[in-house]
file my_file.csv (CSV, C-alpha atoms)
chain,number,residue,atom,x,y,z
A,1,MET,CA,121.1,75.5,209.6
A,2,ALA,CA,121.8,71.8,209.4
A,3,ALA,CA,122.5,72.0,205.7
A,4,VAL,CA,125.1,74.7,206.2
A,5,ALA,CA,126.7,72.7,209.0
A,6,ALA,CA,126.8,69.5,206.8
A,7,GLY,CA,128.7,71.4,204.0
A,8,TRP,CA,131.2,72.8,206.5
A,9,GLN,CA,134.3,70.7,207.3
A,10,PRO,CA,136.3,70.9,210.5
A,11,PRO,CA,139.5,73.0,210.0
A,12,TRP,CA,141.9,70.0,210.4
A,13,ARG,CA,140.2,68.2,207.5
A,14,ALA,CA,140.5,71.2,205.3
A,15,LEU,CA,144.1,71.6,206.3
A,16,ALA,CA,144.8,67.9,205.6
A,17,ALA,CA,143.2,68.2,202.1
A,18,LEU,CA,145.2,71.3,201.4
A,19,GLY,CA,148.4,69.5,202.6
A,20,ARG,CA,147.7,66.6,200.3
A,21,GLU,CA,147.2,69.0,197.4
A,22,LEU,CA,150.4,70.9,198.1
A,23,ALA,CA,152.3,67.6,198.4
A,24,ALA,CA,151.0,66.5,195.0
A,25,GLU,CA,152.0,69.8,193.5
A,26,TRP,CA,155.5,69.6,195.2
A,27,ALA,CA,156.0,66.2,193.7
A,28,ALA,CA,155.0,67.5,190.2
A,29,GLN,CA,157.4,70.4,190.6
A,30,ASP,CA,160.3,68.0,191.6
A,31,VAL,CA,159.8,66.1,188.4
A,32,ARG,CA,159.9,69.3,186.4
A,33,ALA,CA,162.9,70.6,188.2
A,34,ALA,CA,164.7,67.3,187.8
A,35,LEU,CA,163.9,67.3,184.0
A,36,CYS,CA,165.1,70.9,183.7
A,37,GLN,CA,168.4,70.0,185.5
A,38,LEU,CA,168.9,67.0,183.3
A,39,LEU,CA,168.4,69.1,180.2
A,40,LEU,CA,170.8,71.7,181.4
A,41,LEU,CA,173.4,69.1,182.3
A,42,TRP,CA,173.0,67.6,178.8
A,43,LEU,CA,173.4,71.1,177.2
A,44,GLY,CA,176.5,71.7,179.3
A,45,ILE,CA,178.1,68.4,178.4
A,46,SER,CA,177.3,69.0,174.7
A,47,LEU,CA,179.0,72.4,174.8
A,48,LEU,CA,182.0,71.0,176.6
A,49,GLY,CA,182.3,68.3,173.9
A,50,VAL,CA,182.1,70.9,171.1
A,51,ARG,CA,184.8,73.0,172.9
A,52,LEU,CA,187.1,70.0,173.3
A,53,ALA,CA,186.5,68.9,169.7
A,54,TRP,CA,187.2,72.4,168.4
A,55,ARG,CA,190.4,72.5,170.4
A,56,ALA,CA,191.5,69.2,168.9
A,57,TYR,CA,190.3,69.7,165.3
A,58,GLY,CA,189.7,73.4,164.9
A,59,GLY,CA,192.8,74.1,162.9
A,60,ALA,CA,192.0,71.4,160.4
A,61,VAL,CA,188.4,72.7,160.0
A,62,ALA,CA,189.7,76.2,159.6
A,63,ALA,CA,192.1,75.0,156.9
A,64,LEU,CA,189.3,73.4,155.0
A,65,CYS,CA,187.2,76.6,155.1
A,66,TYR,CA,190.0,79.1,154.0
A,67,ARG,CA,192.1,78.5,151.0
A,68,THR,CA,195.8,79.3,151.0
A,69,GLY,CA,198.3,79.8,148.2
A,70,PRO,CA,197.8,81.1,144.7
A,71,SER,CA,194.4,79.4,144.1
A,72,GLY,CA,193.0,81.1,147.2
A,73,ARG,CA,193.9,84.6,146.0
A,74,ARG,CA,192.3,84.2,142.7
A,75,SER,CA,188.8,85.6,142.1
A,76,PRO,CA,186.2,82.9,141.2
A,77,GLY,CA,185.3,84.5,137.9
A,78,THR,CA,188.9,84.8,136.5
A,79,ALA,CA,191.2,82.1,135.4
A,80,ASP,CA,194.6,83.9,135.4
A,81,GLY,CA,193.5,87.5,135.3
A,82,PRO,CA,194.1,90.2,137.9
A,83,VAL,CA,192.8,89.7,141.3
A,84,ALA,CA,189.8,92.0,142.0
A,85,GLU,CA,190.0,91.8,145.7
A,86,PRO,CA,192.5,90.3,148.1
A,87,MET,CA,191.4,87.1,149.8
A,88,LYS,CA,189.7,87.7,153.2
A,89,THR,CA,190.6,85.6,156.1
A,90,HIS,CA,188.8,85.1,159.4
A,91,TRP,CA,191.4,87.3,161.1
A,92,GLU,CA,190.3,90.4,159.2
call {"tool": "encode", "arguments": {"input": "my_file.csv", "output": "structure tokens"}}
result
Amino acid sequence: MAAVAAGWQPPWRALAALGRELAAEWAAQDVRAALCQLLLLWLGISLLGVRLAWRAYGGAVAALCYRTGPSGRRSPGTADGPVAEPMKTHWE
């Protein structure tokens, strides 16, 4: 009976150990939560930067991607021959 009693802890010691374990887990979760918040903030700021850059330079980028004028309507395989298909734009 003495061996069983020696292995048994008073309830307040068990609760104190459980509290310390929960406090350590809480601290670990806070670090993970802060890291997640930081990464989400970085993602949001990056998306905002892309949005602002597109607003400022989007027209110039679109002009680089889509040809206009006679050279844009010409099929790549023909020099001056008939156009096989009209040029597609991003509005179609």
call {"tool": "atom_distance", "arguments": {"input": "my_file.csv", "atom1": "CA of Trp54 (chain A)", "atom2": "CA of Trp42 (chain A)"}}
result
18.2 Å
call {"tool": "atom_distance", "arguments": {"input": "my_file.csv", "atom1": "CA of Gly49 (chain A)", "atom2": "CA of Val61 (chain A)"}}
result
15.8 Å
call {"tool": "atom_distance", "arguments": {"input": "my_file.csv", "atom1": "CA of Ala23 (chain A)", "atom2": "CA of Leu35 (chain A)"}}
result
18.5 Å
